[in-house]
Each structure stands twice: as structure tokens, then as C-alpha cells.
$ cat query.pdb   # PDB, N, CA and C atoms, pLDDT in the B column
ATOM      1  N   MET V   1      -7.294  12.020   1.017  1.00 45.00           N
ATOM      2  CA  MET V   1      -5.863  12.258   0.930  1.00 45.00           C
ATOM      3  C   MET V   1      -5.508  12.730  -0.460  1.00 45.00           C
ATOM      4  N   SER V   2      -4.592  13.628  -0.530  1.00 55.00           N
ATOM      5  CA  SER V   2      -4.192  14.151  -1.830  1.00 55.00           C
ATOM      6  C   SER V   2      -3.164  13.234  -2.477  1.00 55.00           C
ATOM      7  N   ILE V   3      -3.024  13.391  -3.792  1.00 58.00           N
ATOM      8  CA  ILE V   3      -2.032  12.608  -4.527  1.00 58.00           C
ATOM      9  C   ILE V   3      -0.636  12.935  -4.013  1.00 58.00           C
ATOM     10  N   ASP V   4      -0.409  14.181  -3.578  1.00 67.00           N
ATOM     11  CA  ASP V   4       0.903  14.542  -3.027  1.00 67.00           C
ATOM     12  C   ASP V   4       1.246  13.660  -1.829  1.00 67.00           C
ATOM     13  N   LYS V   5       0.250  13.321  -1.024  1.00 75.00           N
ATOM     14  CA  LYS V   5       0.481  12.522   0.182  1.00 75.00           C
ATOM     15  C   LYS V   5       0.535  11.024  -0.137  1.00 75.00           C
ATOM     16  N   THR V   6      -0.284  10.569  -1.088  1.00 77.00           N
ATOM     17  CA  THR V   6      -0.396   9.124  -1.340  1.00 77.00           C
ATOM     18  C   THR V   6       0.345   8.652  -2.576  1.00 77.00           C
ATOM     19  N   GLY V   7       0.703   9.577  -3.465  1.00 79.00           N
ATOM     20  CA  GLY V   7       1.316   9.168  -4.728  1.00 79.00           C
ATOM     21  C   GLY V   7       0.288   8.767  -5.768  1.00 79.00           C
ATOM     22  N   GLY V   8      -0.984   8.804  -5.410  1.00 77.00           N
ATOM     23  CA  GLY V   8      -2.043   8.382  -6.331  1.00 77.00           C
ATOM     24  C   GLY V   8      -2.189   6.876  -6.336  1.00 77.00           C
ATOM     25  N   PRO V   9      -3.077   6.358  -7.166  1.00 76.00           N
ATOM     26  CA  PRO V   9      -3.304   4.917  -7.200  1.00 76.00           C
ATOM     27  C   PRO V   9      -2.108   4.172  -7.793  1.00 76.00           C
ATOM     28  N   ALA V  10      -1.769   3.033  -7.204  1.00 71.00           N
ATOM     29  CA  ALA V  10      -0.646   2.226  -7.695  1.00 71.00           C
ATOM     30  C   ALA V  10      -1.092   1.345  -8.865  1.00 71.00           C
ATOM     31  N   PHE V  11      -2.278   0.787  -8.778  1.00 71.00           N
ATOM     32  CA  PHE V  11      -2.763  -0.134  -9.806  1.00 71.00           C
ATOM     33  C   PHE V  11      -4.220   0.170 -10.148  1.00 71.00           C
ATOM     34  N   PRO V  12      -4.470   1.321 -10.775  1.00 67.00           N
ATOM     35  CA  PRO V  12      -5.864   1.653 -11.088  1.00 67.00           C
ATOM     36  C   PRO V  12      -6.443   0.669 -12.100  1.00 67.00           C
ATOM     37  N   CYS V  13      -7.750   0.521 -12.022  1.00 67.00           N
ATOM     38  CA  CYS V  13      -8.440  -0.404 -12.919  1.00 67.00           C
ATOM     39  C   CYS V  13      -9.754   0.252 -13.327  1.00 67.00           C
ATOM     40  N   ASP V  14      -9.983   0.359 -14.634  1.00 65.00           N
ATOM     41  CA  ASP V  14     -11.204   1.003 -15.112  1.00 65.00           C
ATOM     42  C   ASP V  14     -12.453   0.204 -14.776  1.00 65.00           C
ATOM     43  N   ALA V  15     -12.368  -1.108 -14.861  1.00 68.00           N
ATOM     44  CA  ALA V  15     -13.554  -1.907 -14.599  1.00 68.00           C
ATOM     45  C   ALA V  15     -13.168  -3.275 -14.055  1.00 68.00           C
ATOM     46  N   ILE V  16     -13.920  -3.704 -13.063  1.00 70.00           N
ATOM     47  CA  ILE V  16     -13.796  -5.049 -12.523  1.00 70.00           C
ATOM     48  C   ILE V  16     -15.146  -5.712 -12.726  1.00 70.00           C
ATOM     49  N   PHE V  17     -15.156  -6.811 -13.425  1.00 75.00           N
ATOM     50  CA  PHE V  17     -16.403  -7.509 -13.719  1.00 75.00           C
ATOM     51  C   PHE V  17     -16.568  -8.686 -12.771  1.00 75.00           C
ATOM     52  N   GLY V  18     -17.777  -8.887 -12.341  1.00 79.00           N
ATOM     53  CA  GLY V  18     -18.074  -9.992 -11.438  1.00 79.00           C
ATOM     54  C   GLY V  18     -19.544 -10.316 -11.483  1.00 79.00           C
ATOM     55  N   ARG V  19     -19.995 -11.010 -10.478  1.00 83.00           N
ATOM     56  CA  ARG V  19     -21.409 -11.361 -10.373  1.00 83.00           C
ATOM     57  C   ARG V  19     -21.852 -11.124  -8.936  1.00 83.00           C
ATOM     58  N   ASP V  20     -23.111 -10.681  -8.797  1.00 84.00           N
ATOM     59  CA  ASP V  20     -23.645 -10.485  -7.460  1.00 84.00           C
ATOM     60  C   ASP V  20     -24.177 -11.811  -6.923  1.00 84.00           C
ATOM     61  N   GLU V  21     -24.819 -11.758  -5.744  1.00 87.00           N
ATOM     62  CA  GLU V  21     -25.311 -12.982  -5.092  1.00 87.00           C
ATOM     63  C   GLU V  21     -26.300 -13.763  -5.947  1.00 87.00           C
ATOM     64  N   SER V  22     -27.045 -13.070  -6.796  1.00 89.00           N
ATOM     65  CA  SER V  22     -28.041 -13.752  -7.630  1.00 89.00           C
ATOM     66  C   SER V  22     -27.486 -14.162  -8.992  1.00 89.00           C
ATOM     67  N   GLY V  23     -26.215 -13.889  -9.226  1.00 86.00           N
ATOM     68  CA  GLY V  23     -25.602 -14.299 -10.484  1.00 86.00           C
ATOM     69  C   GLY V  23     -25.630 -13.249 -11.581  1.00 86.00           C
ATOM     70  N   ARG V  24     -26.219 -12.076 -11.298  1.00 86.00           N
ATOM     71  CA  ARG V  24     -26.262 -11.014 -12.302  1.00 86.00           C
ATOM     72  C   ARG V  24     -24.879 -10.388 -12.459  1.00 86.00           C
ATOM     73  N   PRO V  25     -24.517 -10.021 -13.699  1.00 81.00           N
ATOM     74  CA  PRO V  25     -23.212  -9.391 -13.923  1.00 81.00           C
ATOM     75  C   PRO V  25     -23.122  -8.034 -13.230  1.00 81.00           C
ATOM     76  N   THR V  26     -21.950  -7.724 -12.703  1.00 81.00           N
ATOM     77  CA  THR V  26     -21.706  -6.429 -12.072  1.00 81.00           C
ATOM     78  C   THR V  26     -20.424  -5.834 -12.645  1.00 81.00           C
ATOM     79  N   GLU V  27     -20.324  -4.524 -12.531  1.00 77.00           N
ATOM     80  CA  GLU V  27     -19.115  -3.823 -12.959  1.00 77.00           C
ATOM     81  C   GLU V  27     -18.833  -2.724 -11.947  1.00 77.00           C
ATOM     82  N   THR V  28     -17.612  -2.680 -11.439  1.00 72.00           N
ATOM     83  CA  THR V  28     -17.211  -1.623 -10.509  1.00 72.00           C
ATOM     84  C   THR V  28     -15.853  -1.080 -10.932  1.00 72.00           C
ATOM     85  N   ASN V  29     -15.556   0.107 -10.482  1.00 67.00           N
ATOM     86  CA  ASN V  29     -14.246   0.712 -10.716  1.00 67.00           C
ATOM     87  C   ASN V  29     -13.415   0.581  -9.451  1.00 67.00           C
ATOM     88  N   SER V  30     -12.121   0.541  -9.616  1.00 67.00           N
ATOM     89  CA  SER V  30     -11.231   0.449  -8.467  1.00 67.00           C
ATOM     90  C   SER V  30      -9.982   1.264  -8.731  1.00 67.00           C
ATOM     91  N   GLU V  31      -9.621   2.088  -7.774  1.00 70.00           N
ATOM     92  CA  GLU V  31      -8.362   2.803  -7.881  1.00 70.00           C
ATOM     93  C   GLU V  31      -7.219   1.969  -7.336  1.00 70.00           C
ATOM     94  N   GLY V  32      -7.512   0.850  -6.705  1.00 74.00           N
ATOM     95  CA  GLY V  32      -6.467   0.013  -6.145  1.00 74.00           C
ATOM     96  C   GLY V  32      -5.832   0.666  -4.929  1.00 74.00           C
ATOM     97  N   MET V  33      -4.742   0.090  -4.481  1.00 83.00           N
ATOM     98  CA  MET V  33      -4.034   0.674  -3.342  1.00 83.00           C
ATOM     99  C   MET V  33      -3.274   1.911  -3.788  1.00 83.00           C
ATOM    100  N   THR V  34      -2.920   2.735  -2.827  1.00 88.00           N
ATOM    101  CA  THR V  34      -2.147   3.924  -3.174  1.00 88.00           C
ATOM    102  C   THR V  34      -0.689   3.537  -3.374  1.00 88.00           C
ATOM    103  N   LEU V  35       0.023   4.385  -4.076  1.00 91.00           N
ATOM    104  CA  LEU V  35       1.448   4.160  -4.278  1.00 91.00           C
ATOM    105  C   LEU V  35       2.174   4.183  -2.932  1.00 91.00           C
ATOM    106  N   ARG V  36       1.713   5.026  -2.022  1.00 92.00           N
ATOM    107  CA  ARG V  36       2.308   5.073  -0.680  1.00 92.00           C
ATOM    108  C   ARG V  36       2.165   3.720   0.017  1.00 92.00           C
ATOM    109  N   ASP V  37       0.962   3.129  -0.054  1.00 92.00           N
ATOM    110  CA  ASP V  37       0.747   1.812   0.551  1.00 92.00           C
ATOM    111  C   ASP V  37       1.612   0.746  -0.115  1.00 92.00           C
ATOM    112  N   TYR V  38       1.750   0.820  -1.416  1.00 93.00           N
ATOM    113  CA  TYR V  38       2.578  -0.146  -2.142  1.00 93.00           C
ATOM    114  C   TYR V  38       4.037  -0.038  -1.700  1.00 93.00           C
ATOM    115  N   PHE V  39       4.548   1.188  -1.628  1.00 95.00           N
ATOM    116  CA  PHE V  39       5.924   1.377  -1.173  1.00 95.00           C
ATOM    117  C   PHE V  39       6.098   0.864   0.255  1.00 95.00           C
ATOM    118  N   ALA V  40       5.124   1.151   1.133  1.00 96.00           N
ATOM    119  CA  ALA V  40       5.214   0.698   2.523  1.00 96.00           C
ATOM    120  C   ALA V  40       5.180  -0.825   2.605  1.00 96.00           C
ATOM    121  N   ALA V  41       4.372  -1.461   1.774  1.00 95.00           N
ATOM    122  CA  ALA V  41       4.306  -2.924   1.777  1.00 95.00           C
ATOM    123  C   ALA V  41       5.637  -3.530   1.379  1.00 95.00           C
ATOM    124  N   LYS V  42       6.284  -2.932   0.398  1.00 95.00           N
ATOM    125  CA  LYS V  42       7.604  -3.419  -0.011  1.00 95.00           C
ATOM    126  C   LYS V  42       8.631  -3.191   1.090  1.00 95.00           C
ATOM    127  N   ALA V  43       8.589  -2.031   1.738  1.00 96.00           N
ATOM    128  CA  ALA V  43       9.561  -1.708   2.781  1.00 96.00           C
ATOM    129  C   ALA V  43       9.399  -2.619   3.993  1.00 96.00           C
ATOM    130  N   ILE V  44       8.157  -2.909   4.384  1.00 94.00           N
ATOM    131  CA  ILE V  44       7.944  -3.695   5.603  1.00 94.00           C
ATOM    132  C   ILE V  44       8.435  -5.132   5.440  1.00 94.00           C
ATOM    133  N   GLN V  45       8.434  -5.626   4.216  1.00 92.00           N
ATOM    134  CA  GLN V  45       8.972  -6.976   3.994  1.00 92.00           C
ATOM    135  C   GLN V  45      10.429  -7.047   4.424  1.00 92.00           C
ATOM    136  N   SER V  46      11.189  -6.066   4.036  1.00 91.00           N
ATOM    137  CA  SER V  46      12.606  -6.033   4.397  1.00 91.00           C
ATOM    138  C   SER V  46      12.790  -5.793   5.889  1.00 91.00           C
ATOM    139  N   ILE V  47      12.017  -4.889   6.435  1.00 91.00           N
ATOM    140  CA  ILE V  47      12.132  -4.570   7.858  1.00 91.00           C
ATOM    141  C   ILE V  47      11.876  -5.816   8.699  1.00 91.00           C
ATOM    142  N   LEU V  48      10.785  -6.514   8.427  1.00 88.00           N
ATOM    143  CA  LEU V  48      10.418  -7.681   9.233  1.00 88.00           C
ATOM    144  C   LEU V  48      11.346  -8.869   8.999  1.00 88.00           C
ATOM    145  N   SER V  49      11.855  -9.005   7.797  1.00 88.00           N
ATOM    146  CA  SER V  49      12.729 -10.150   7.515  1.00 88.00           C
ATOM    147  C   SER V  49      14.108  -9.975   8.132  1.00 88.00           C
ATOM    148  N   ASN V  50      14.454  -8.761   8.544  1.00 85.00           N
ATOM    149  CA  ASN V  50      15.773  -8.502   9.114  1.00 85.00           C
ATOM    150  C   ASN V  50      15.769  -8.336  10.630  1.00 85.00           C
ATOM    151  N   LEU V  51      14.653  -8.656  11.281  1.00 82.00           N
ATOM    152  CA  LEU V  51      14.631  -8.581  12.746  1.00 82.00           C
ATOM    153  C   LEU V  51      15.432  -9.764  13.301  1.00 82.00           C
ATOM    154  N   PRO V  52      16.422  -9.503  14.149  1.00 82.00           N
ATOM    155  CA  PRO V  52      17.292 -10.582  14.618  1.00 82.00           C
ATOM    156  C   PRO V  52      16.565 -11.632  15.459  1.00 82.00           C
ATOM    157  N   GLN V  53      15.525 -11.247  16.191  1.00 80.00           N
ATOM    158  CA  GLN V  53      14.823 -12.188  17.055  1.00 80.00           C
ATOM    159  C   GLN V  53      13.560 -12.752  16.400  1.00 80.00           C
ATOM    160  N   GLY V  54      13.344 -12.445  15.102  1.00 79.00           N
ATOM    161  CA  GLY V  54      12.101 -12.838  14.448  1.00 79.00           C
ATOM    162  C   GLY V  54      11.010 -11.834  14.773  1.00 79.00           C
ATOM    163  N   ILE V  55       9.862 -12.032  14.210  1.00 80.00           N
ATOM    164  CA  ILE V  55       8.765 -11.071  14.388  1.00 80.00           C
ATOM    165  C   ILE V  55       8.097 -11.292  15.739  1.00 80.00           C
ATOM    166  N   GLN V  56       8.094 -10.256  16.547  1.00 83.00           N
ATOM    167  CA  GLN V  56       7.425 -10.265  17.847  1.00 83.00           C
ATOM    168  C   GLN V  56       6.266  -9.271  17.786  1.00 83.00           C
ATOM    169  N   PRO V  57       5.162  -9.540  18.495  1.00 85.00           N
ATOM    170  CA  PRO V  57       4.009  -8.629  18.440  1.00 85.00           C
ATOM    171  C   PRO V  57       4.367  -7.172  18.730  1.00 85.00           C
ATOM    172  N   GLN V  58       5.262  -6.945  19.656  1.00 83.00           N
ATOM    173  CA  GLN V  58       5.609  -5.575  20.021  1.00 83.00           C
ATOM    174  C   GLN V  58       6.374  -4.852  18.917  1.00 83.00           C
ATOM    175  N   ASP V  59       6.896  -5.586  17.944  1.00 83.00           N
ATOM    176  CA  ASP V  59       7.647  -4.976  16.848  1.00 83.00           C
ATOM    177  C   ASP V  59       6.751  -4.480  15.717  1.00 83.00           C
ATOM    178  N   CYS V  60       5.516  -4.938  15.664  1.00 88.00           N
ATOM    179  CA  CYS V  60       4.666  -4.695  14.495  1.00 88.00           C
ATOM    180  C   CYS V  60       4.340  -3.225  14.273  1.00 88.00           C
ATOM    181  N   LEU V  61       3.958  -2.507  15.315  1.00 91.00           N
ATOM    182  CA  LEU V  61       3.617  -1.090  15.146  1.00 91.00           C
ATOM    183  C   LEU V  61       4.833  -0.286  14.714  1.00 91.00           C
ATOM    184  N   ALA V  62       5.960  -0.532  15.353  1.00 91.00           N
ATOM    185  CA  ALA V  62       7.180   0.190  14.977  1.00 91.00           C
ATOM    186  C   ALA V  62       7.575  -0.129  13.539  1.00 91.00           C
ATOM    187  N   ALA V  63       7.433  -1.373  13.136  1.00 93.00           N
ATOM    188  CA  ALA V  63       7.774  -1.759  11.762  1.00 93.00           C
ATOM    189  C   ALA V  63       6.859  -1.057  10.766  1.00 93.00           C
ATOM    190  N   ALA V  64       5.572  -0.986  11.079  1.00 94.00           N
ATOM    191  CA  ALA V  64       4.628  -0.303  10.188  1.00 94.00           C
ATOM    192  C   ALA V  64       4.949   1.182  10.090  1.00 94.00           C
ATOM    193  N   GLU V  65       5.253   1.797  11.217  1.00 96.00           N
ATOM    194  CA  GLU V  65       5.617   3.226  11.204  1.00 96.00           C
ATOM    195  C   GLU V  65       6.885   3.448  10.385  1.00 96.00           C
ATOM    196  N   ASP V  66       7.865   2.574  10.556  1.00 95.00           N
ATOM    197  CA  ASP V  66       9.101   2.678   9.777  1.00 95.00           C
ATOM    198  C   ASP V  66       8.828   2.508   8.285  1.00 95.00           C
ATOM    199  N   ALA V  67       7.961   1.566   7.948  1.00 96.00           N
ATOM    200  CA  ALA V  67       7.646   1.314   6.535  1.00 96.00           C
ATOM    201  C   ALA V  67       7.004   2.542   5.897  1.00 96.00           C
ATOM    202  N   TYR V  68       6.085   3.190   6.610  1.00 96.00           N
ATOM    203  CA  TYR V  68       5.452   4.389   6.057  1.00 96.00           C
ATOM    204  C   TYR V  68       6.414   5.573   6.032  1.00 96.00           C
ATOM    205  N   PHE V  69       7.339   5.624   6.968  1.00 97.00           N
ATOM    206  CA  PHE V  69       8.376   6.655   6.926  1.00 97.00           C
ATOM    207  C   PHE V  69       9.198   6.488   5.640  1.00 97.00           C
ATOM    208  N   ILE V  70       9.591   5.265   5.356  1.00 97.00           N
ATOM    209  CA  ILE V  70      10.354   4.980   4.136  1.00 97.00           C
ATOM    210  C   ILE V  70       9.516   5.309   2.902  1.00 97.00           C
ATOM    211  N   ALA V  71       8.246   4.904   2.906  1.00 96.00           N
ATOM    212  CA  ALA V  71       7.370   5.180   1.768  1.00 96.00           C
ATOM    213  C   ALA V  71       7.244   6.682   1.521  1.00 96.00           C
ATOM    214  N   ASP V  72       7.111   7.451   2.589  1.00 95.00           N
ATOM    215  CA  ASP V  72       7.002   8.905   2.442  1.00 95.00           C
ATOM    216  C   ASP V  72       8.276   9.497   1.844  1.00 95.00           C
ATOM    217  N   ARG V  73       9.439   8.983   2.267  1.00 95.00           N
ATOM    218  CA  ARG V  73      10.699   9.460   1.686  1.00 95.00           C
ATOM    219  C   ARG V  73      10.799   9.066   0.207  1.00 95.00           C
ATOM    220  N   MET V  74      10.294   7.894  -0.142  1.00 94.00           N
ATOM    221  CA  MET V  74      10.311   7.463  -1.539  1.00 94.00           C
ATOM    222  C   MET V  74       9.429   8.382  -2.386  1.00 94.00           C
ATOM    223  N   LEU V  75       8.276   8.762  -1.866  1.00 93.00           N
ATOM    224  CA  LEU V  75       7.406   9.690  -2.594  1.00 93.00           C
ATOM    225  C   LEU V  75       8.093  11.045  -2.764  1.00 93.00           C
ATOM    226  N   GLU V  76       8.781  11.497  -1.727  1.00 93.00           N
ATOM    227  CA  GLU V  76       9.511  12.772  -1.845  1.00 93.00           C
ATOM    228  C   GLU V  76      10.599  12.679  -2.904  1.00 93.00           C
ATOM    229  N   ALA V  77      11.300  11.548  -2.946  1.00 94.00           N
ATOM    230  CA  ALA V  77      12.383  11.373  -3.908  1.00 94.00           C
ATOM    231  C   ALA V  77      11.867  11.401  -5.351  1.00 94.00           C
ATOM    232  N   ARG V  78      10.646  10.969  -5.547  1.00 88.00           N
ATOM    233  CA  ARG V  78      10.068  10.975  -6.898  1.00 88.00           C
ATOM    234  C   ARG V  78       9.868  12.394  -7.419  1.00 88.00           C
ATOM    235  N   LYS V  79       9.731  13.365  -6.539  1.00 86.00           N
ATOM    236  CA  LYS V  79       9.510  14.746  -6.947  1.00 86.00           C
ATOM    237  C   LYS V  79      10.770  15.406  -7.487  1.00 86.00           C
ATOM    238  N   SER V  80      11.923  14.858  -7.155  1.00 77.00           N
ATOM    239  CA  SER V  80      13.199  15.463  -7.561  1.00 77.00           C
ATOM    240  C   SER V  80      13.473  15.254  -9.024  1.00 77.00           C
TER     241      SER V  80
END
$ encode --input "query.pdb" --output "C-alpha cells"
Amino acid sequence: MSIDKTGGPAFPCDAIFGRDESGRPTETNSEGMTLRDYFAAKAIQSILSNLPQGIQPQDCLAAAEDAYFIADRMLEARKS
């Protein structure tokens, strides 16, 4: 996916240090979640918290689609 579509990484990290199964030090890079995913995560919180009947399984796909619709509009607004 291009940065135009995702907004690029929301929380990039140059290095993450840890240990493998044998205890040896490891280092990996992480771009983190995309800005689009971050915006959608914020939007879905509001969408789900405002459902009058509470969260029902049948609402989840529509809520996710709505959240990404909002995220895409937020990315477009950043270009202005």
C-alpha cells in the first residue's frame, strides 16, 4: 500500500530490542500501524460506543467499514 492510501506509519520505531527463545539479544525494526489504521481505531471507538442497542455481532462489519471510511476522509483532509 502506498503512503497516499495509508498515511504512512503512525508510530515508526528504529529498533525494538528483545531476546529470542534462548535468551540471545535481538533487534528488529517496526513501522508500527499505519496512520489509516490509527484513525480507524479512534473512529470505531466512537461508532461502537454510540450504538443504541449495544454492540451486536451483526454491527461489527458495518462499524469497521464506517471507521475506515472516516479514516480515509481524515487522510484526504490532511492533504488540504
$ select_by_dssp --input "query.pdb" --residues "stretch 25-62 of chain V" --states "strand (DSSP E or B)" --output "PyMOL selection string"
chain V and resi 25-30+34
$ resolve_selection --input "query.pdb" --expression "the PyMOL selection byres (((chain V and resi 7 and name CA) around 7) and name CA)" --output "list in words"
Ile3, Asp4, Lys5, Thr6, Gly8, Pro9, Thr34, Leu35, Arg36 and Leu75 of chain V
$ select_by_dssp --input "query.pdb" --residues "stretch 23-65 of chain V" --states "alpha helix (DSSP H)" --output "PDB file with N, CA and C atoms, in the frame of the given file"
ATOM      1  N   LEU V  35       0.023   4.385  -4.076  1.00 91.00           N
ATOM      2  CA  LEU V  35       1.448   4.160  -4.278  1.00 91.00           C
ATOM      3  C   LEU V  35       2.174   4.183  -2.932  1.00 91.00           C
ATOM      4  N   ARG V  36       1.713   5.026  -2.022  1.00 92.00           N
ATOM      5  CA  ARG V  36       2.308   5.073  -0.680  1.00 92.00           C
ATOM      6  C   ARG V  36       2.165   3.720   0.017  1.00 92.00           C
ATOM      7  N   ASP V  37       0.962   3.129  -0.054  1.00 92.00           N
ATOM      8  CA  ASP V  37       0.747   1.812   0.551  1.00 92.00           C
ATOM      9  C   ASP V  37       1.612   0.746  -0.115  1.00 92.00           C
ATOM     10  N   TYR V  38       1.750   0.820  -1.416  1.00 93.00           N
ATOM     11  CA  TYR V  38       2.578  -0.146  -2.142  1.00 93.00           C
ATOM     12  C   TYR V  38       4.037  -0.038  -1.700  1.00 93.00           C
ATOM     13  N   PHE V  39       4.548   1.188  -1.628  1.00 95.00           N
ATOM     14  CA  PHE V  39       5.924   1.377  -1.173  1.00 95.00           C
ATOM     15  C   PHE V  39       6.098   0.864   0.255  1.00 95.00           C
ATOM     16  N   ALA V  40       5.124   1.151   1.133  1.00 96.00           N
ATOM     17  CA  ALA V  40       5.214   0.698   2.523  1.00 96.00           C
ATOM     18  C   ALA V  40       5.180  -0.825   2.605  1.00 96.00           C
ATOM     19  N   ALA V  41       4.372  -1.461   1.774  1.00 95.00           N
ATOM     20  CA  ALA V  41       4.306  -2.924   1.777  1.00 95.00           C
ATOM     21  C   ALA V  41       5.637  -3.530   1.379  1.00 95.00           C
ATOM     22  N   LYS V  42       6.284  -2.932   0.398  1.00 95.00           N
ATOM     23  CA  LYS V  42       7.604  -3.419  -0.011  1.00 95.00           C
ATOM     24  C   LYS V  42       8.631  -3.191   1.090  1.00 95.00           C
ATOM     25  N   ALA V  43       8.589  -2.031   1.738  1.00 96.00           N
ATOM     26  CA  ALA V  43       9.561  -1.708   2.781  1.00 96.00           C
ATOM     27  C   ALA V  43       9.399  -2.619   3.993  1.00 96.00           C
ATOM     28  N   ILE V  44       8.157  -2.909   4.384  1.00 94.00           N
ATOM     29  CA  ILE V  44       7.944  -3.695   5.603  1.00 94.00           C
ATOM     30  C   ILE V  44       8.435  -5.132   5.440  1.00 94.00           C
ATOM     31  N   GLN V  45       8.434  -5.626   4.216  1.00 92.00           N
ATOM     32  CA  GLN V  45       8.972  -6.976   3.994  1.00 92.00           C
ATOM     33  C   GLN V  45      10.429  -7.047   4.424  1.00 92.00           C
ATOM     34  N   SER V  46      11.189  -6.066   4.036  1.00 91.00           N
ATOM     35  CA  SER V  46      12.606  -6.033   4.397  1.00 91.00           C
ATOM     36  C   SER V  46      12.790  -5.793   5.889  1.00 91.00           C
ATOM     37  N   ILE V  47      12.017  -4.889   6.435  1.00 91.00           N
ATOM     38  CA  ILE V  47      12.132  -4.570   7.858  1.00 91.00           C
ATOM     39  C   ILE V  47      11.876  -5.816   8.699  1.00 91.00           C
ATOM     40  N   LEU V  48      10.785  -6.514   8.427  1.00 88.00           N
ATOM     41  CA  LEU V  48      10.418  -7.681   9.233  1.00 88.00           C
ATOM     42  C   LEU V  48      11.346  -8.869   8.999  1.00 88.00           C
ATOM     43  N   SER V  49      11.855  -9.005   7.797  1.00 88.00           N
ATOM     44  CA  SER V  49      12.729 -10.150   7.515  1.00 88.00           C
ATOM     45  C   SER V  49      14.108  -9.975   8.132  1.00 88.00           C
ATOM     46  N   CYS V  60       5.516  -4.938  15.664  1.00 88.00           N
ATOM     47  CA  CYS V  60       4.666  -4.695  14.495  1.00 88.00           C
ATOM     48  C   CYS V  60       4.340  -3.225  14.273  1.00 88.00           C
ATOM     49  N   LEU V  61       3.958  -2.507  15.315  1.00 91.00           N
ATOM     50  CA  LEU V  61       3.617  -1.090  15.146  1.00 91.00           C
ATOM     51  C   LEU V  61       4.833  -0.286  14.714  1.00 91.00           C
ATOM     52  N   ALA V  62       5.960  -0.532  15.353  1.00 91.00           N
ATOM     53  CA  ALA V  62       7.180   0.190  14.977  1.00 91.00           C
ATOM     54  C   ALA V  62       7.575  -0.129  13.539  1.00 91.00           C
ATOM     55  N   ALA V  63       7.433  -1.373  13.136  1.00 93.00           N
ATOM     56  CA  ALA V  63       7.774  -1.759  11.762  1.00 93.00           C
ATOM     57  C   ALA V  63       6.859  -1.057  10.766  1.00 93.00           C
ATOM     58  N   ALA V  64       5.572  -0.986  11.079  1.00 94.00           N
ATOM     59  CA  ALA V  64       4.628  -0.303  10.188  1.00 94.00           C
ATOM     60  C   ALA V  64       4.949   1.182  10.090  1.00 94.00           C
ATOM     61  N   GLU V  65       5.253   1.797  11.217  1.00 96.00           N
ATOM     62  CA  GLU V  65       5.617   3.226  11.204  1.00 96.00           C
ATOM     63  C   GLU V  65       6.885   3.448  10.385  1.00 96.00           C
TER      64      GLU V  65
END
$ atom_distance --input "query.pdb" --atom1 "atom N of V:Ala63" --atom2 "atom C of V:Ile47"
7.7 Å
$ atom_distance --input "query.pdb" --atom1 "atom CA of V:Asp72" --atom2 "atom C of V:Lys42"
12.3 Å
$ atom_distance --input "query.pdb" --atom1 "atom CA of V:Ile16" --atom2 "atom C of V:Gly32"
12.4 Å
$ closest_residue --input "query.pdb" --among "V:Ile55, V:Ala77, V:Ala67, V:Ala62" --to "V:Ala41" --atoms "only N, CA and C atoms"
V:Ala67
$ closest_residue --input "query.pdb" --among "V:Tyr68, V:Phe11, V:Glu27, V:Phe17" --to "V:Phe39" --atoms "only N, CA and C atoms"
V:Tyr68
$ build_atoms --input "query.pdb" --residues "stretch 45-54 of chain V" --atoms "N, CA, C and O atoms" --output "mmCIF file, keeping the file's coordinate frame"
data_model
loop_
_atom_site.group_PDB
_atom_site.id
_atom_site.type_symbol
_atom_site.label_atom_id
_atom_site.label_comp_id
_atom_site.auth_asym_id
_atom_site.auth_seq_id
_atom_site.Cartn_x
_atom_site.Cartn_y
_atom_site.Cartn_z
ATOM 1 N N GLN V 45 8.434 -5.626 4.216
ATOM 2 C CA GLN V 45 8.972 -6.976 3.994
ATOM 3 C C GLN V 45 10.429 -7.047 4.424
ATOM 4 O O GLN V 45 10.845 -7.989 5.099
ATOM 5 N N SER V 46 11.189 -6.066 4.036
ATOM 6 C CA SER V 46 12.606 -6.033 4.397
ATOM 7 C C SER V 46 12.790 -5.793 5.889
ATOM 8 O O SER V 46 13.628 -6.437 6.533
ATOM 9 N N ILE V 47 12.017 -4.889 6.435
ATOM 10 C CA ILE V 47 12.132 -4.570 7.858
ATOM 11 C C ILE V 47 11.876 -5.816 8.699
ATOM 12 O O ILE V 47 12.667 -6.162 9.588
ATOM 13 N N LEU V 48 10.785 -6.514 8.427
ATOM 14 C CA LEU V 48 10.418 -7.681 9.233
ATOM 15 C C LEU V 48 11.346 -8.869 8.999
ATOM 16 O O LEU V 48 11.616 -9.641 9.913
ATOM 17 N N SER V 49 11.855 -9.005 7.797
ATOM 18 C CA SER V 49 12.729 -10.150 7.515
ATOM 19 C C SER V 49 14.108 -9.975 8.132
ATOM 20 O O SER V 49 14.855 -10.944 8.251
ATOM 21 N N ASN V 50 14.454 -8.761 8.544
ATOM 22 C CA ASN V 50 15.773 -8.502 9.114
ATOM 23 C C ASN V 50 15.769 -8.336 10.630
ATOM 24 O O ASN V 50 16.784 -7.940 11.200
ATOM 25 N N LEU V 51 14.653 -8.656 11.281
ATOM 26 C CA LEU V 51 14.631 -8.581 12.746
ATOM 27 C C LEU V 51 15.432 -9.764 13.301
ATOM 28 O O LEU V 51 15.162 -10.911 12.962
ATOM 29 N N PRO V 52 16.422 -9.503 14.149
ATOM 30 C CA PRO V 52 17.292 -10.582 14.618
ATOM 31 C C PRO V 52 16.565 -11.632 15.459
ATOM 32 O O PRO V 52 16.921 -12.807 15.432
ATOM 33 N N GLN V 53 15.525 -11.247 16.191
ATOM 34 C CA GLN V 53 14.823 -12.188 17.055
ATOM 35 C C GLN V 53 13.560 -12.752 16.400
ATOM 36 O O GLN V 53 12.795 -13.439 17.043
ATOM 37 N N GLY V 54 13.344 -12.445 15.102
ATOM 38 C CA GLY V 54 12.101 -12.838 14.448
ATOM 39 C C GLY V 54 11.010 -11.834 14.773
ATOM 40 O O GLY V 54 11.216 -10.891 15.527
#
